[in-house]
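J.: Take this structure, written in structure tokens, and hold onto it; I'll ask about it next.
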Amino acid sequence: DAKTTQPNSMESNEEEPVHLPCNHSTISGTDYIHWYRQLPSQGPEYVIHGLTSNVNNRMASLAIAEDRKSSTLILHRATLRDAAVYYCILRDVSGAGSYQLTFGKGTKLSVIP
Amino acid sequence: EAQVTQNPRYLITVTGKKLTVTCSQNMNHEYMSWYRQDPGLGLRQIYYSMNVEVTDKGDVPEGYKVSRKEKRNFPLILESPSPNQTSLYFCASSLFSAPTNSPLHFGNGTRLTVT
């Protein structure tokens with residue numbers, strides 16, 4: 001299975017943009033890039049996903065490199081509520097890949113007031 | 001309200017005493033999965049199910065069993081729990097198994113302690 005690599009931790013000031021990187025150098029053509037986050041004492045929640053083009057939703061933006069070997073989750077204005085562990089995972093939609101979903105350790109984002 | 005419900009939220013038991021953690025979803029999702037979360041190790045998949053009567057091992061299946069007799073329920077069974085199964089457990093579901101990119105919905109977790 002294609003795997004992802006993320007920094008263990010990052011810090012951001014409140015109300016500033018945050019760029020959370022993810023490397024996935026062995027990504028296949030049928031892998032979608034998904035981002036989830038886990039707030040303290042809660043289950044993970046879906047944030048955003050994409051395949052090739054940059055994506056925006058009410059929570060965040062996802063910037064995908066042209067070669068798709070890396071991506072960046074962008075929180076435009078970090079709030080204290082965004083302090084969480086952020087996970088980048090790959091989901092194979094071809095049907096040929098494993099249905100296993102490996103989350104890894106994620107990036108712990110701290111937001112400084 | 002669309003949700004994944006796990007029970008119990010907290011469970012303390014002793015080594016060897018069989019237990020079941022229940023998971024139920026009300027969204028008619030095909031795919032369901034169990035994860036355990038341990039400090040420094042992130043989320044690791046235990047078992048998953050692509051549909052009724054279809055289950056398969058994840059990354060760390062040893063010591064666990066699952067069943068999927070109905071679409072909405074996916075219980076996690078520990079036949080003989082051991083202290084190394086002390087962990088935080090999450091159940092998740094998504095609309096389709098594959099090929100799809102439908103998001104996963106997670107329950108609020110079950111904190112299990114085995115003494």
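We label chains A, B, ... in the order they appear in the structure tokens, count residues from 1 in each chain, and number ligands from 1 in the order shown.
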What residues in chain A lie within 12 Å of chain B, counting only C-alpha atoms, written as a ChimeraX atom specification?
T.: /A:1,6,8-9,30-51,85-108
J.: Restricting the calculation to only C-alpha atoms: of A:Ala65, A:Ile74, A:Ala83, A:Val18, which residue gets closest to Ser110 (chain A)?
T.: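 Residue with the minimum atom-to-atom distance to Ser110 (chain A): A:Ala83.
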J.: Report as a PyMOL selection string all protein, DNA and RNA residues lying within 12 Å of Lys71 (chain B), evaluated on only C-alpha atoms, omitting residues in the same chain fewer than 3 positions from it.
T.: chain B and resi 23-32+49-55+67-68+74-75+93-96
J.: Rounded to one decimal place, report the CA of Glu16 (chain A)-CA of Arg58 (chain A) distance in Å.
T.: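 Spanning CA of Glu16 (chain A) to CA of Arg58 (chain A) is a straight-line distance of 16.5 Å.
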J.: In Å, rounded to a single decimal, give me how far CA of Asn57 (chain A) is from CA of Leu109 (chain A).
T.: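 Going from CA of Leu109 (chain A) over to CA of Asn57 (chain A), I get 19.6 Å.
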J.: If you run DSSP on the backbone, which residues of region 25-95 of chain A are strand (DSSP E or B), as a ChimeraX atom specification?
T.: /A:31-38,45-50,55-56,61-64,70-75,84-92
